[in-house]
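Asker: Pasting structure.pdb here (PDB, C-alpha atoms and all ligand atoms):
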```
MODEL        1
ATOM      1  CA  MET G 180    -151.865 -93.813 -85.518  1.00  0.00           C
ATOM      2  CA  ALA G 181    -153.034 -95.893 -82.583  1.00  0.00           C
ATOM      3  CA  ALA G 182    -150.412 -98.465 -83.561  1.00  0.00           C
ATOM      4  CA  GLU G 183    -147.707 -95.807 -83.328  1.00  0.00           C
ATOM      5  CA  ARG G 184    -148.898 -94.942 -79.855  1.00  0.00           C
ATOM      6  CA  THR G 185    -148.823 -98.508 -78.602  1.00  0.00           C
ATOM      7  CA  GLN G 186    -145.232 -98.948 -79.833  1.00  0.00           C
ATOM      8  CA  THR G 187    -144.031 -95.871 -78.013  1.00  0.00           C
ATOM      9  CA  ARG G 188    -143.814 -95.990 -74.268  1.00  0.00           C
ATOM     10  CA  GLY G 189    -145.714 -93.006 -72.935  1.00  0.00           C
ATOM     11  CA  VAL G 190    -146.842 -91.287 -69.800  1.00  0.00           C
ATOM     12  CA  PHE G 191    -149.251 -88.423 -69.174  1.00  0.00           C
ATOM     13  CA  VAL G 192    -148.314 -86.211 -66.234  1.00  0.00           C
ATOM     14  CA  THR G 193    -151.248 -84.507 -64.580  1.00  0.00           C
ATOM     15  CA  GLY G 194    -151.632 -82.953 -61.164  1.00  0.00           C
ATOM     16  CA  THR G 195    -153.983 -81.681 -58.525  1.00  0.00           C
ATOM     17  CA  GLY G 196    -153.779 -78.218 -60.054  1.00  0.00           C
ATOM     18  CA  THR G 197    -151.478 -75.611 -61.424  1.00  0.00           C
ATOM     19  CA  GLU G 198    -148.021 -74.886 -59.943  1.00  0.00           C
ATOM     20  CA  VAL G 199    -147.748 -78.264 -58.178  1.00  0.00           C
ATOM     21  CA  GLY G 200    -144.712 -79.337 -60.200  1.00  0.00           C
ATOM     22  CA  LYS G 201    -146.102 -81.130 -63.269  1.00  0.00           C
ATOM     23  CA  THR G 202    -143.458 -79.641 -65.546  1.00  0.00           C
ATOM     24  CA  VAL G 203    -140.621 -80.447 -63.151  1.00  0.00           C
ATOM     25  CA  VAL G 204    -141.850 -84.018 -62.628  1.00  0.00           C
ATOM     26  CA  ALA G 205    -142.399 -84.532 -66.369  1.00  0.00           C
ATOM     27  CA  ALA G 206    -138.907 -83.157 -67.007  1.00  0.00           C
ATOM     28  CA  ALA G 207    -137.436 -85.492 -64.363  1.00  0.00           C
ATOM     29  CA  ILE G 208    -139.199 -88.515 -65.889  1.00  0.00           C
ATOM     30  CA  ALA G 209    -137.965 -87.531 -69.352  1.00  0.00           C
ATOM     31  CA  ARG G 210    -134.440 -87.032 -68.045  1.00  0.00           C
ATOM     32  CA  THR G 211    -134.510 -90.462 -66.397  1.00  0.00           C
ATOM     33  CA  LEU G 212    -135.604 -92.141 -69.637  1.00  0.00           C
ATOM     34  CA  VAL G 213    -132.826 -90.330 -71.502  1.00  0.00           C
ATOM     35  CA  GLY G 214    -130.376 -91.585 -68.885  1.00  0.00           C
ATOM     36  CA  GLU G 215    -131.567 -95.116 -69.667  1.00  0.00           C
ATOM     37  CA  GLY G 216    -130.601 -94.571 -73.270  1.00  0.00           C
ATOM     38  CA  ARG G 217    -134.013 -93.831 -74.767  1.00  0.00           C
ATOM     39  CA  ARG G 218    -134.841 -91.218 -77.357  1.00  0.00           C
ATOM     40  CA  VAL G 219    -137.528 -89.155 -75.678  1.00  0.00           C
ATOM     41  CA  ALA G 220    -140.130 -86.786 -77.081  1.00  0.00           C
ATOM     42  CA  VAL G 221    -142.055 -84.362 -74.916  1.00  0.00           C
ATOM     43  CA  PHE G 222    -145.516 -82.944 -75.483  1.00  0.00           C
ATOM     44  CA  LYS G 223    -147.655 -80.248 -73.925  1.00  0.00           C
ATOM     45  CA  PRO G 224    -151.018 -79.591 -75.588  1.00  0.00           C
ATOM     46  CA  ALA G 225    -151.136 -75.894 -74.800  1.00  0.00           C
ATOM     47  CA  VAL G 226    -148.797 -73.452 -73.100  1.00  0.00           C
ATOM     48  CA  THR G 227    -150.129 -70.209 -71.683  1.00  0.00           C
ATOM     49  CA  GLY G 228    -148.348 -67.344 -69.947  1.00  0.00           C
ATOM     50  CA  LEU G 229    -145.637 -66.744 -72.560  1.00  0.00           C
ATOM     51  CA  ASP G 230    -145.930 -63.046 -71.663  1.00  0.00           C
ATOM     52  CA  GLU G 231    -144.466 -63.676 -68.215  1.00  0.00           C
ATOM     53  CA  GLY G 232    -140.923 -63.930 -69.568  1.00  0.00           C
ATOM     54  CA  VAL G 233    -139.801 -66.978 -67.551  1.00  0.00           C
ATOM     55  CA  GLU G 234    -138.690 -70.334 -68.985  1.00  0.00           C
ATOM     56  CA  THR G 235    -141.838 -71.908 -70.367  1.00  0.00           C
ATOM     57  CA  ASP G 236    -142.974 -75.471 -69.805  1.00  0.00           C
ATOM     58  CA  HIS G 237    -142.037 -76.610 -73.302  1.00  0.00           C
ATOM     59  CA  GLU G 238    -138.595 -75.036 -72.960  1.00  0.00           C
ATOM     60  CA  LEU G 239    -137.822 -76.856 -69.701  1.00  0.00           C
ATOM     61  CA  LEU G 240    -139.210 -80.120 -71.082  1.00  0.00           C
ATOM     62  CA  ARG G 241    -137.005 -79.784 -74.169  1.00  0.00           C
ATOM     63  CA  ARG G 242    -133.908 -78.869 -72.157  1.00  0.00           C
ATOM     64  CA  ALA G 243    -134.358 -81.795 -69.744  1.00  0.00           C
ATOM     65  CA  SER G 244    -135.021 -84.334 -72.474  1.00  0.00           C
ATOM     66  CA  GLY G 245    -132.378 -83.109 -74.911  1.00  0.00           C
ATOM     67  CA  SER G 246    -135.069 -83.258 -77.590  1.00  0.00           C
ATOM     68  CA  SER G 247    -134.621 -81.394 -80.848  1.00  0.00           C
ATOM     69  CA  GLN G 248    -138.380 -80.850 -81.268  1.00  0.00           C
ATOM     70  CA  SER G 249    -139.505 -77.350 -82.244  1.00  0.00           C
ATOM     71  CA  ASP G 250    -141.801 -75.235 -80.056  1.00  0.00           C
ATOM     72  CA  GLU G 251    -144.629 -76.128 -82.420  1.00  0.00           C
ATOM     73  CA  GLU G 252    -143.906 -79.853 -82.212  1.00  0.00           C
ATOM     74  CA  ILE G 253    -143.845 -79.861 -78.412  1.00  0.00           C
ATOM     75  CA  ALA G 254    -146.708 -77.441 -77.798  1.00  0.00           C
ATOM     76  CA  PRO G 255    -148.958 -76.831 -80.815  1.00  0.00           C
ATOM     77  CA  TYR G 256    -150.921 -74.069 -79.068  1.00  0.00           C
ATOM     78  CA  ARG G 257    -149.023 -71.276 -77.317  1.00  0.00           C
ATOM     79  CA  TYR G 258    -150.542 -68.128 -75.828  1.00  0.00           C
ATOM     80  CA  GLY G 259    -149.336 -65.016 -74.024  1.00  0.00           C
ATOM     81  CA  PRO G 260    -151.828 -64.566 -71.174  1.00  0.00           C
ATOM     82  CA  PRO G 261    -151.534 -66.850 -68.117  1.00  0.00           C
ATOM     83  CA  ALA G 262    -155.134 -68.091 -68.510  1.00  0.00           C
ATOM     84  CA  SER G 263    -156.886 -71.433 -68.870  1.00  0.00           C
ATOM     85  CA  PRO G 264    -156.199 -72.685 -72.408  1.00  0.00           C
ATOM     86  CA  HIS G 265    -159.802 -72.403 -73.553  1.00  0.00           C
ATOM     87  CA  LEU G 266    -159.846 -68.744 -72.485  1.00  0.00           C
ATOM     88  CA  ALA G 267    -156.352 -67.954 -73.805  1.00  0.00           C
ATOM     89  CA  ALA G 268    -157.418 -69.388 -77.170  1.00  0.00           C
ATOM     90  CA  ALA G 269    -160.664 -67.387 -77.163  1.00  0.00           C
ATOM     91  CA  MET G 270    -158.697 -64.211 -76.355  1.00  0.00           C
ATOM     92  CA  ALA G 271    -156.576 -64.963 -79.442  1.00  0.00           C
ATOM     93  CA  GLY G 272    -159.762 -65.369 -81.496  1.00  0.00           C
ATOM     94  CA  GLU G 273    -159.470 -69.126 -81.983  1.00  0.00           C
ATOM     95  CA  GLU G 274    -160.416 -72.473 -80.497  1.00  0.00           C
ATOM     96  CA  ILE G 275    -158.147 -75.405 -79.711  1.00  0.00           C
ATOM     97  CA  ASP G 276    -158.905 -78.295 -82.058  1.00  0.00           C
ATOM     98  CA  PRO G 277    -158.832 -81.727 -80.341  1.00  0.00           C
ATOM     99  CA  GLU G 278    -158.081 -83.440 -83.648  1.00  0.00           C
ATOM    100  CA  GLN G 279    -155.030 -81.228 -84.115  1.00  0.00           C
ATOM    101  CA  LEU G 280    -153.836 -82.094 -80.584  1.00  0.00           C
ATOM    102  CA  ARG G 281    -154.148 -85.821 -81.192  1.00  0.00           C
ATOM    103  CA  TYR G 282    -152.349 -85.485 -84.512  1.00  0.00           C
ATOM    104  CA  ALA G 283    -149.497 -83.476 -82.960  1.00  0.00           C
ATOM    105  CA  ALA G 284    -149.145 -85.864 -80.011  1.00  0.00           C
ATOM    106  CA  ASP G 285    -149.019 -88.856 -82.340  1.00  0.00           C
ATOM    107  CA  ALA G 286    -146.418 -87.158 -84.532  1.00  0.00           C
ATOM    108  CA  ALA G 287    -144.286 -86.460 -81.460  1.00  0.00           C
ATOM    109  CA  ALA G 288    -144.640 -90.069 -80.276  1.00  0.00           C
ATOM    110  CA  ALA G 289    -143.732 -91.418 -83.697  1.00  0.00           C
ATOM    111  CA  SER G 290    -140.450 -89.491 -83.580  1.00  0.00           C
ATOM    112  CA  ALA G 291    -139.138 -91.172 -80.408  1.00  0.00           C
ATOM    113  CA  GLU G 292    -138.961 -94.319 -78.295  1.00  0.00           C
ATOM    114  CA  ALA G 293    -140.762 -92.771 -75.351  1.00  0.00           C
ATOM    115  CA  ILE G 294    -142.997 -89.768 -74.860  1.00  0.00           C
ATOM    116  CA  VAL G 295    -143.697 -87.702 -71.781  1.00  0.00           C
ATOM    117  CA  CYS G 296    -146.836 -85.551 -72.017  1.00  0.00           C
ATOM    118  CA  GLU G 297    -147.673 -82.832 -69.528  1.00  0.00           C
ATOM    119  CA  GLY G 298    -151.288 -81.810 -69.047  1.00  0.00           C
ATOM    120  CA  VAL G 299    -152.468 -78.285 -68.366  1.00  0.00           C
ATOM    121  CA  GLY G 300    -153.708 -77.389 -64.870  1.00  0.00           C
ATOM    122  CA  GLY G 301    -155.690 -80.375 -63.599  1.00  0.00           C
ATOM    123  CA  LEU G 302    -157.755 -83.070 -65.301  1.00  0.00           C
ATOM    124  CA  LEU G 303    -160.972 -81.070 -65.578  1.00  0.00           C
ATOM    125  CA  VAL G 304    -159.443 -77.993 -67.187  1.00  0.00           C
ATOM    126  CA  PRO G 305    -161.055 -77.246 -70.565  1.00  0.00           C
ATOM    127  CA  LEU G 306    -158.775 -77.184 -73.600  1.00  0.00           C
ATOM    128  CA  SER G 307    -161.727 -76.080 -75.668  1.00  0.00           C
ATOM    129  CA  PRO G 308    -165.254 -75.460 -74.358  1.00  0.00           C
ATOM    130  CA  GLY G 309    -166.230 -79.109 -74.890  1.00  0.00           C
ATOM    131  CA  TYR G 310    -162.908 -80.927 -74.524  1.00  0.00           C
ATOM    132  CA  LEU G 311    -161.167 -81.333 -71.171  1.00  0.00           C
ATOM    133  CA  VAL G 312    -157.570 -82.292 -70.388  1.00  0.00           C
ATOM    134  CA  ARG G 313    -159.064 -85.578 -69.194  1.00  0.00           C
ATOM    135  CA  ASP G 314    -160.547 -86.177 -72.648  1.00  0.00           C
ATOM    136  CA  LEU G 315    -157.123 -85.711 -74.231  1.00  0.00           C
ATOM    137  CA  ALA G 316    -155.546 -88.074 -71.691  1.00  0.00           C
ATOM    138  CA  ALA G 317    -158.185 -90.654 -72.587  1.00  0.00           C
ATOM    139  CA  ASP G 318    -157.666 -90.153 -76.315  1.00  0.00           C
ATOM    140  CA  LEU G 319    -153.885 -90.532 -76.036  1.00  0.00           C
ATOM    141  CA  GLY G 320    -154.243 -93.597 -73.842  1.00  0.00           C
ATOM    142  CA  TYR G 321    -151.052 -93.181 -71.843  1.00  0.00           C
ATOM    143  CA  PRO G 322    -151.029 -94.062 -68.139  1.00  0.00           C
ATOM    144  CA  LEU G 323    -151.267 -91.139 -65.745  1.00  0.00           C
ATOM    145  CA  VAL G 324    -148.902 -89.839 -63.102  1.00  0.00           C
ATOM    146  CA  VAL G 325    -150.549 -87.484 -60.604  1.00  0.00           C
ATOM    147  CA  VAL G 326    -148.352 -84.743 -59.130  1.00  0.00           C
ATOM    148  CA  ALA G 327    -149.404 -83.265 -55.802  1.00  0.00           C
ATOM    149  CA  GLY G 328    -147.970 -81.195 -52.987  1.00  0.00           C
ATOM    150  CA  PRO G 329    -146.735 -82.962 -49.861  1.00  0.00           C
ATOM    151  CA  GLY G 330    -148.523 -80.858 -47.247  1.00  0.00           C
ATOM    152  CA  LEU G 331    -151.874 -80.191 -45.653  1.00  0.00           C
ATOM    153  CA  GLY G 332    -154.810 -80.562 -48.079  1.00  0.00           C
ATOM    154  CA  THR G 333    -153.082 -82.931 -50.415  1.00  0.00           C
ATOM    155  CA  ILE G 334    -154.982 -86.076 -49.420  1.00  0.00           C
ATOM    156  CA  ASN G 335    -158.279 -84.642 -50.608  1.00  0.00           C
ATOM    157  CA  HIS G 336    -156.870 -83.037 -53.767  1.00  0.00           C
ATOM    158  CA  THR G 337    -155.011 -86.179 -54.744  1.00  0.00           C
ATOM    159  CA  LEU G 338    -157.870 -88.582 -54.107  1.00  0.00           C
ATOM    160  CA  LEU G 339    -160.269 -86.333 -56.035  1.00  0.00           C
ATOM    161  CA  THR G 340    -157.890 -86.339 -59.001  1.00  0.00           C
ATOM    162  CA  VAL G 341    -157.385 -90.103 -58.879  1.00  0.00           C
ATOM    163  CA  GLU G 342    -161.147 -90.583 -58.644  1.00  0.00           C
ATOM    164  CA  ALA G 343    -161.769 -88.256 -61.599  1.00  0.00           C
ATOM    165  CA  ALA G 344    -159.243 -90.224 -63.634  1.00  0.00           C
ATOM    166  CA  ARG G 345    -160.673 -93.595 -62.745  1.00  0.00           C
ATOM    167  CA  ALA G 346    -164.239 -92.401 -63.326  1.00  0.00           C
ATOM    168  CA  ALA G 347    -163.268 -91.885 -66.969  1.00  0.00           C
ATOM    169  CA  GLY G 348    -161.561 -95.271 -67.169  1.00  0.00           C
ATOM    170  CA  LEU G 349    -158.019 -93.847 -67.059  1.00  0.00           C
ATOM    171  CA  GLU G 350    -155.189 -95.794 -65.481  1.00  0.00           C
ATOM    172  CA  VAL G 351    -153.172 -93.988 -62.816  1.00  0.00           C
ATOM    173  CA  VAL G 352    -149.762 -95.595 -62.265  1.00  0.00           C
ATOM    174  CA  SER G 353    -148.394 -93.449 -59.463  1.00  0.00           C
ATOM    175  CA  VAL G 354    -148.607 -90.283 -57.419  1.00  0.00           C
ATOM    176  CA  VAL G 355    -145.547 -88.044 -57.031  1.00  0.00           C
ATOM    177  CA  LEU G 356    -145.372 -85.747 -54.006  1.00  0.00           C
ATOM    178  CA  ASN G 357    -143.346 -82.667 -54.918  1.00  0.00           C
ATOM    179  CA  PRO G 358    -141.211 -81.007 -53.697  1.00  0.00           C
ATOM    180  CA  TRP G 359    -140.477 -83.574 -51.008  1.00  0.00           C
ATOM    181  CA  PRO G 360    -138.593 -81.994 -48.085  1.00  0.00           C
ATOM    182  CA  GLU G 361    -135.236 -83.326 -46.914  1.00  0.00           C
ATOM    183  CA  GLU G 362    -136.723 -83.830 -43.482  1.00  0.00           C
ATOM    184  CA  PRO G 363    -140.439 -84.538 -43.938  1.00  0.00           C
ATOM    185  CA  SER G 364    -142.754 -83.723 -41.071  1.00  0.00           C
ATOM    186  CA  GLU G 365    -145.104 -86.229 -39.497  1.00  0.00           C
ATOM    187  CA  ILE G 366    -147.952 -84.731 -41.565  1.00  0.00           C
ATOM    188  CA  GLU G 367    -146.042 -85.163 -44.820  1.00  0.00           C
ATOM    189  CA  ARG G 368    -145.002 -88.744 -44.026  1.00  0.00           C
ATOM    190  CA  SER G 369    -148.556 -89.561 -43.002  1.00  0.00           C
ATOM    191  CA  ASN G 370    -149.953 -87.952 -46.182  1.00  0.00           C
ATOM    192  CA  ARG G 371    -147.739 -90.217 -48.245  1.00  0.00           C
ATOM    193  CA  GLU G 372    -148.885 -93.358 -46.431  1.00  0.00           C
ATOM    194  CA  THR G 373    -152.536 -92.335 -46.405  1.00  0.00           C
ATOM    195  CA  ILE G 374    -152.647 -91.578 -50.127  1.00  0.00           C
ATOM    196  CA  ALA G 375    -150.895 -94.859 -50.913  1.00  0.00           C
ATOM    197  CA  ALA G 376    -153.410 -96.770 -48.818  1.00  0.00           C
ATOM    198  CA  LEU G 377    -156.591 -95.018 -49.963  1.00  0.00           C
ATOM    199  CA  ALA G 378    -155.682 -94.675 -53.645  1.00  0.00           C
ATOM    200  CA  GLU G 379    -153.974 -98.080 -53.706  1.00  0.00           C
ATOM    201  CA  LEU G 380    -151.056 -96.598 -55.622  1.00  0.00           C
ATOM    202  CA  PRO G 381    -147.323 -96.236 -55.246  1.00  0.00           C
ATOM    203  CA  VAL G 382    -146.546 -92.759 -53.922  1.00  0.00           C
ATOM    204  CA  LEU G 383    -143.143 -91.517 -55.083  1.00  0.00           C
ATOM    205  CA  THR G 384    -141.392 -88.305 -54.108  1.00  0.00           C
ATOM    206  CA  LEU G 385    -139.210 -85.754 -55.871  1.00  0.00           C
ATOM    207  CA  PRO G 386    -136.935 -83.430 -53.871  1.00  0.00           C
ATOM    208  CA  GLN G 387    -136.124 -79.804 -54.602  1.00  0.00           C
ATOM    209  CA  LEU G 388    -133.990 -79.810 -57.764  1.00  0.00           C
ATOM    210  CA  ASP G 389    -131.442 -77.459 -59.225  1.00  0.00           C
ATOM    211  CA  LEU G 390    -133.422 -76.760 -62.376  1.00  0.00           C
ATOM    212  CA  ALA G 391    -130.394 -75.229 -64.092  1.00  0.00           C
ATOM    213  CA  ASP G 392    -128.557 -78.566 -63.998  1.00  0.00           C
ATOM    214  CA  PRO G 393    -130.629 -81.589 -65.112  1.00  0.00           C
ATOM    215  CA  ALA G 394    -127.493 -83.774 -64.900  1.00  0.00           C
ATOM    216  CA  SER G 395    -127.681 -83.390 -61.114  1.00  0.00           C
ATOM    217  CA  TRP G 396    -131.257 -84.661 -60.813  1.00  0.00           C
ATOM    218  CA  PRO G 397    -131.958 -87.991 -59.122  1.00  0.00           C
ATOM    219  CA  PRO G 398    -133.740 -90.525 -61.337  1.00  0.00           C
ATOM    220  CA  LEU G 399    -137.531 -90.635 -61.178  1.00  0.00           C
ATOM    221  CA  ARG G 400    -138.713 -94.069 -62.315  1.00  0.00           C
ATOM    222  CA  ILE G 401    -142.434 -94.363 -62.488  1.00  0.00           C
TER     223      ILE G 401
HETATM  224  N1  LIG D   1    -138.836 -80.331 -57.353  1.00  0.00           N
HETATM  225  C1  LIG D   1    -138.681 -79.034 -57.642  1.00  0.00           C
HETATM  226  N2  LIG D   1    -137.465 -78.472 -57.586  1.00  0.00           N
HETATM  227  C2  LIG D   1    -137.282 -77.153 -57.894  1.00  0.00           C
HETATM  228  N3  LIG D   1    -138.273 -76.322 -58.249  1.00  0.00           N
HETATM  229  C3  LIG D   1    -139.524 -76.828 -58.322  1.00  0.00           C
HETATM  230  C4  LIG D   1    -139.786 -78.209 -58.023  1.00  0.00           C
HETATM  231  N4  LIG D   1    -141.111 -78.429 -58.203  1.00  0.00           N
HETATM  232  C5  LIG D   1    -141.641 -77.254 -58.588  1.00  0.00           C
HETATM  233  N5  LIG D   1    -140.699 -76.288 -58.671  1.00  0.00           N
HETATM  234  C6  LIG D   1    -140.924 -74.878 -59.018  1.00  0.00           C
HETATM  235  O1  LIG D   1    -142.264 -74.553 -58.650  1.00  0.00           O
HETATM  236  C7  LIG D   1    -142.942 -73.867 -59.687  1.00  0.00           C
HETATM  237  C8  LIG D   1    -144.122 -74.704 -60.183  1.00  0.00           C
HETATM  238  O2  LIG D   1    -143.638 -75.917 -60.782  1.00  0.00           O
HETATM  239  P1  LIG D   1    -144.153 -76.379 -62.216  1.00  0.00           P
HETATM  240  O3  LIG D   1    -143.464 -77.667 -62.515  1.00  0.00           O
HETATM  241  O4  LIG D   1    -143.989 -75.282 -63.207  1.00  0.00           O
HETATM  242  O5  LIG D   1    -145.695 -76.610 -61.884  1.00  0.00           O
HETATM  243  P2  LIG D   1    -146.912 -76.941 -62.868  1.00  0.00           P
HETATM  244  O6  LIG D   1    -146.329 -77.482 -64.134  1.00  0.00           O
HETATM  245  O7  LIG D   1    -147.743 -77.947 -62.131  1.00  0.00           O
HETATM  246  O8  LIG D   1    -147.646 -75.660 -63.048  1.00  0.00           O
HETATM  247  C9  LIG D   1    -141.907 -73.583 -60.764  1.00  0.00           C
HETATM  248  O9  LIG D   1    -141.359 -72.322 -60.541  1.00  0.00           O
HETATM  249  C10 LIG D   1    -140.873 -74.660 -60.546  1.00  0.00           C
HETATM  250  O10 LIG D   1    -139.638 -74.234 -60.977  1.00  0.00           O
HETATM  251 MG    MG D   2    -146.427 -76.869 -66.094  1.00  0.00          MG
ENDMDL
END
```
I need this file expressed as structure tokens, please.
Ligand SMILES: Nc1ncnc2c1ncn2[C@@H]1O[C@H](COP(=O)(O)OP(=O)(O)O)[C@@H](O)[C@H]1O
Ligand SMILES: [Mg+2]
Answerer:
Amino acid sequence: MAAERTQTRGVFVTGTGTEVGKTVVAAAIARTLVGEGRRVAVFKPAVTGLDEGVETDHELLRRASGSSQSDEEIAPYRYGPPASPHLAAAMAGEEIDPEQLRYAADAAAASAEAIVCEGVGGLLVPLSPGYLVRDLAADLGYPLVVVAGPGLGTINHTLLTVEAARAAGLEVVSVVLNPWPEEPSEIERSNRETIAALAELPVLTLPQLDLADPASWPPLRI
């Protein structure tokens, strides 16, 4: 299975927390790869909040990538309450099985030329009581993209996330500040430069997108 992973180009999209734009960035990366002519699979270990009635992460990822994967193939664990995955699973009377996640991610990767995985919350969110998102990222072995907001507070959140990744031996390839305003303020421009300098990483940006129309999105090459 490791051989399958190394043959498939992959990326693991994490972020400084929830609602920072991981799904949108992962969708934009997937869309860009599709535009380059690649067959792209998407993967999300666990989706919570199905009860909220909005387009879910796995649905947007599938729509942006044009993938024909089933819900189950994209996101093997899906729960109604908008809770941390370990809690959502416990509320459903079960526990997320790391082995099952690795198996599902490898199956998704084996079906395509490239795979875009989205984490859940941030790196230290538990998938099960003893298995963090960071552990899954390490097991899958794909390089990380860190999504963060552009504004005040983002330097600390981003550097903490990059440090947590590197502390576990994970490779971070870039930071994406999202959504990047059309006319960034001095603070936002400075945040971008400061993160690039202190994290020693490329800091990319993604503007506000029309999520209904992936064909209109600018490419996001990481
Ligand atoms: N670049 C963007 N353009 C348009 N909407 C965005 C953008 N980034 C985030 N959003 C919106 O902000 C919310 C949070 O983004 P999402 O990608 O779901 O975050 P996360 O996956 O980190 O929880 C969603 O409603 C999403 O549609
Ligand atoms: Mg998401």
Asker: Expressed in Å to a single decimal, how great is the separation between CA of Thr197 in chain G and CA of Ala378 in chain G?
Answerer: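 Spanning CA of Thr197 in chain G to CA of Ala378 in chain G is a straight-line distance of 21.0 Å.
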Asker: Starting from the displayed file, determine the output of the PyMOL selection byres (((chain G and resi 351) around 12) and not hetatm) and express the residue list as a PyMOL selection string.
Answerer: chain G and resi 190-194+316-317+320-326+337-338+340-350+352-355+378-382+401
Asker: With all atoms listed in the file counted and 10 Å as the cut-off, give the residues of chain G in contact with ligand LIG 1 (chain D), each with its shortest interatomic distance in Å and the pair that gives it, as a Markdown table.
Answerer:
```
| residue | atom | partner | partner_atom | distance |
| --- | --- | --- | --- | --- |
| G:Val192 | CA | D:LIG1 | O6 | 9.2 |
| G:Thr193 | CA | D:LIG1 | O7 | 7.8 |
| G:Gly194 | CA | D:LIG1 | O7 | 6.4 |
| G:Thr195 | CA | D:LIG1 | O7 | 8.1 |
| G:Gly196 | CA | D:LIG1 | O7 | 6.4 |
| G:Thr197 | CA | D:LIG1 | O8 | 4.2 |
| G:Glu198 | CA | D:LIG1 | O8 | 3.2 |
| G:Val199 | CA | D:LIG1 | O7 | 4.0 |
| G:Gly200 | CA | D:LIG1 | O3 | 3.1 |
| G:Lys201 | CA | D:LIG1 | O6 | 3.8 |
| G:Thr202 | CA | D:LIG1 | O3 | 3.6 |
| G:Val203 | CA | D:LIG1 | O3 | 4.0 |
| G:Val204 | CA | D:LIG1 | O3 | 6.6 |
| G:Ala205 | CA | D:LIG1 | O3 | 7.9 |
| G:Ala206 | CA | D:LIG1 | O3 | 8.4 |
| G:Ala207 | CA | D:LIG1 | N1 | 8.8 |
| G:Val233 | CA | D:LIG1 | O9 | 9.0 |
| G:Glu234 | CA | D:LIG1 | O10 | 9.0 |
| G:Thr235 | CA | D:LIG1 | O4 | 8.2 |
| G:Asp236 | CA | D:LIG1 | O4 | 6.7 |
| G:Leu239 | CA | D:LIG1 | O4 | 9.1 |
| G:Leu240 | CA | D:LIG1 | O3 | 9.9 |
| G:Glu297 | CA | D:LIG1 | O6 | 7.7 |
| G:Gly298 | CA | D:LIG1 | O6 | 8.2 |
| G:Val299 | CA | D:LIG1 | O6 | 7.5 |
| G:Gly300 | CA | D:LIG1 | O8 | 6.6 |
| G:Gly301 | CA | D:LIG1 | O7 | 8.4 |
| G:Val326 | CA | D:LIG1 | O7 | 7.5 |
| G:Ala327 | CA | D:LIG1 | O7 | 8.4 |
| G:Gly328 | CA | D:LIG1 | N4 | 9.1 |
| G:Leu356 | CA | D:LIG1 | N1 | 9.1 |
| G:Asn357 | CA | D:LIG1 | N1 | 5.6 |
| G:Pro358 | CA | D:LIG1 | N1 | 4.4 |
| G:Trp359 | CA | D:LIG1 | N1 | 7.3 |
| G:Pro360 | CA | D:LIG1 | N1 | 9.4 |
| G:Thr384 | CA | D:LIG1 | N1 | 9.0 |
| G:Leu385 | CA | D:LIG1 | N1 | 5.6 |
| G:Pro386 | CA | D:LIG1 | N1 | 5.0 |
| G:Gln387 | CA | D:LIG1 | N2 | 3.5 |
| G:Leu388 | CA | D:LIG1 | N2 | 3.7 |
| G:Asp389 | CA | D:LIG1 | C2 | 6.0 |
| G:Leu390 | CA | D:LIG1 | C2 | 5.9 |
| G:Ala391 | CA | D:LIG1 | C2 | 9.5 |
| G:Trp396 | CA | D:LIG1 | N2 | 9.3 |
```
Asker: For the provided coordinates, the residues matched by the PyMOL selection byres (((chain G and resi 226) around 10) and not hetatm) should be stated as an MDAnalysis selection string.
Answerer: chainID G and resid 223:225 227:229 235:237 253:264 267 298:299
Asker: Output the residue selection produced by the PyMOL selection byres (((chain G and resi 220) around 12) and not hetatm) on the file above, formatted as number ranges by chain.
Answerer: G: 187-190, 205-206, 208-210, 212-213, 217-219, 221-223, 237, 240-249, 252-254, 283-297
Asker: Using C-alpha atoms, can you write the selected residues to a file as a compact mmCIF listing (two decimals), in the frame of the given file?
Answerer:
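Result saved to again02.txt:
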```txt
# COMPACT_ATOMS: atom_id res chain seq x y z
CA THR G 187 -144.03 -95.87 -78.01
CA ARG G 188 -143.81 -95.99 -74.27
CA GLY G 189 -145.71 -93.01 -72.94
CA VAL G 190 -146.84 -91.29 -69.80
CA ALA G 205 -142.40 -84.53 -66.37
CA ALA G 206 -138.91 -83.16 -67.01
CA ILE G 208 -139.20 -88.52 -65.89
CA ALA G 209 -137.96 -87.53 -69.35
CA ARG G 210 -134.44 -87.03 -68.04
CA LEU G 212 -135.60 -92.14 -69.64
CA VAL G 213 -132.83 -90.33 -71.50
CA ARG G 217 -134.01 -93.83 -74.77
CA ARG G 218 -134.84 -91.22 -77.36
CA VAL G 219 -137.53 -89.16 -75.68
CA VAL G 221 -142.06 -84.36 -74.92
CA PHE G 222 -145.52 -82.94 -75.48
CA LYS G 223 -147.66 -80.25 -73.92
CA HIS G 237 -142.04 -76.61 -73.30
CA LEU G 240 -139.21 -80.12 -71.08
CA ARG G 241 -137.00 -79.78 -74.17
CA ARG G 242 -133.91 -78.87 -72.16
CA ALA G 243 -134.36 -81.80 -69.74
CA SER G 244 -135.02 -84.33 -72.47
CA GLY G 245 -132.38 -83.11 -74.91
CA SER G 246 -135.07 -83.26 -77.59
CA SER G 247 -134.62 -81.39 -80.85
CA GLN G 248 -138.38 -80.85 -81.27
CA SER G 249 -139.50 -77.35 -82.24
CA GLU G 252 -143.91 -79.85 -82.21
CA ILE G 253 -143.84 -79.86 -78.41
CA ALA G 254 -146.71 -77.44 -77.80
CA ALA G 283 -149.50 -83.48 -82.96
CA ALA G 284 -149.15 -85.86 -80.01
CA ASP G 285 -149.02 -88.86 -82.34
CA ALA G 286 -146.42 -87.16 -84.53
CA ALA G 287 -144.29 -86.46 -81.46
CA ALA G 288 -144.64 -90.07 -80.28
CA ALA G 289 -143.73 -91.42 -83.70
CA SER G 290 -140.45 -89.49 -83.58
CA ALA G 291 -139.14 -91.17 -80.41
CA GLU G 292 -138.96 -94.32 -78.30
CA ALA G 293 -140.76 -92.77 -75.35
CA ILE G 294 -143.00 -89.77 -74.86
CA VAL G 295 -143.70 -87.70 -71.78
CA CYS G 296 -146.84 -85.55 -72.02
CA GLU G 297 -147.67 -82.83 -69.53
```
